[in-house]
Amino acid sequence: MQHEKSEEECKAVVWYQMEGQERIQNLKVKLEKTGIRQFSISPEGVCCVPEGKYFRRVGMLRAFPAHETKILIQYLHKDHIHAVKKG
């Protein structure tokens, strides 16, 4: 039986396809140019990189659908980006 997506899952997929994919890819490329190979995204969409004992903000994802992280991780994996949910 095929799993039907909820309305929230559909909104997350649309967000990723319309905005998130490009913004995440651009941030990834920008950071890789400086030798940074990982960053985190808070539930509010704030993108940070570790810097010593603290974190430095490097970007912001508007309307980030944090409540649908599992669906977003699937799409990131399809785009060859390793993503995990912590906490």
# chains A, B, ... in the order shown; residues from 1 in each chain; ligands from 1

$ residues_around --residues "Val84 (chain A)" --least-positions-apart "3" --cutoff "9 Å" --atoms "only C-alpha atoms" --output "VMD selection string"
chain A and resid 69 to 70 73

$ write_last_selection --atoms "C-alpha atoms" --output "CSV table (one decimal), in the first residue's frame"
chain,number,residue,atom,x,y,z
A,69,THR,CA,12.8,16.9,8.9
A,70,LYS,CA,12.5,13.2,8.0
A,73,ILE,CA,16.5,14.3,4.8

$ residues_around --residues "Pro43 (chain A)" --least-positions-apart "5" --cutoff "9 Å" --atoms "only C-alpha atoms" --output "CSV table (one decimal) with C-alpha atoms, in the first residue's frame"
chain,number,residue,atom,x,y,z
A,64,PHE,CA,12.2,26.2,7.0
A,65,PRO,CA,9.7,23.3,7.7
A,66,ALA,CA,11.6,21.8,10.7
A,67,HIS,CA,8.6,19.7,11.7

$ closest_residue --among "A:Glu68, A:Leu61, A:Lys86, A:Lys78" --to "Ile24 (chain A)" --atoms "only C-alpha atoms"
A:Leu61

$ closest_residue --among "A:Tyr75, A:Ser40, A:His82, A:Thr34" --to "Val13 (chain A)" --atoms "only C-alpha atoms"
A:Tyr75

$ select_by_dssp --residues "chain A" --states "strand (DSSP E or B)" --output "VMD selection string"
chain A and resid 40 to 41 46 to 51 54 to 60

$ select_by_dssp --residues "chain A" --states "helix (DSSP H, G or I)" --output "PyMOL selection string"
chain A and resi 7-33+66-78

$ write_last_selection --atoms "C-alpha atoms" --output "mmCIF file, in the first residue's frame"
data_model
loop_
_atom_site.group_PDB
_atom_site.id
_atom_site.type_symbol
_atom_site.label_atom_id
_atom_site.label_comp_id
_atom_site.auth_asym_id
_atom_site.auth_seq_id
_atom_site.Cartn_x
_atom_site.Cartn_y
_atom_site.Cartn_z
ATOM 1 C CA GLU A 7 -0.547 18.211 3.875
ATOM 2 C CA GLU A 8 2.478 19.244 5.992
ATOM 3 C CA GLU A 9 4.742 16.750 4.211
ATOM 4 C CA CYS A 10 3.559 18.113 0.863
ATOM 5 C CA LYS A 11 4.304 21.679 1.986
ATOM 6 C CA ALA A 12 7.812 20.598 3.033
ATOM 7 C CA VAL A 13 8.443 18.978 -0.365
ATOM 8 C CA VAL A 14 7.202 22.068 -2.193
ATOM 9 C CA TRP A 15 9.391 24.299 0.014
ATOM 10 C CA TYR A 16 12.416 22.119 -0.753
ATOM 11 C CA GLN A 17 11.792 22.065 -4.490
ATOM 12 C CA MET A 18 10.936 25.758 -4.808
ATOM 13 C CA GLU A 19 13.503 27.275 -2.449
ATOM 14 C CA GLY A 20 15.322 24.971 -0.062
ATOM 15 C CA GLN A 21 17.236 22.852 -2.539
ATOM 16 C CA GLU A 22 18.865 25.820 -4.247
ATOM 17 C CA ARG A 23 19.590 27.723 -1.030
ATOM 18 C CA ILE A 24 21.108 24.671 0.699
ATOM 19 C CA GLN A 25 23.220 23.842 -2.366
ATOM 20 C CA ASN A 26 24.456 27.453 -2.608
ATOM 21 C CA LEU A 27 25.368 27.498 1.083
ATOM 22 C CA LYS A 28 27.120 24.136 0.755
ATOM 23 C CA VAL A 29 29.223 25.351 -2.187
ATOM 24 C CA LYS A 30 30.077 28.630 -0.444
ATOM 25 C CA LEU A 31 31.226 26.829 2.707
ATOM 26 C CA GLU A 32 33.193 24.172 0.818
ATOM 27 C CA LYS A 33 35.223 26.947 -0.837
ATOM 28 C CA ALA A 66 11.561 21.806 10.708
ATOM 29 C CA HIS A 67 8.579 19.670 11.690
ATOM 30 C CA GLU A 68 9.090 17.602 8.509
ATOM 31 C CA THR A 69 12.808 16.932 8.892
ATOM 32 C CA LYS A 70 12.458 13.246 7.962
ATOM 33 C CA ILE A 71 11.015 14.078 4.562
ATOM 34 C CA LEU A 72 13.670 16.756 3.958
ATOM 35 C CA ILE A 73 16.451 14.308 4.834
ATOM 36 C CA GLN A 74 15.151 11.923 2.165
ATOM 37 C CA TYR A 75 15.338 14.666 -0.455
ATOM 38 C CA LEU A 76 18.789 15.780 0.689
ATOM 39 C CA HIS A 77 20.040 12.189 0.381
ATOM 40 C CA LYS A 78 18.679 12.063 -3.183
#

$ atom_distance --atom1 "CA of Ile81 (chain A)" --atom2 "CA of Gln38 (chain A)"
10.1 Å

$ closest_residue --among "A:Lys5, A:Cys48, A:Tyr54, A:Ser42" --to "Lys85 (chain A)" --atoms "only C-alpha atoms"
A:Ser42
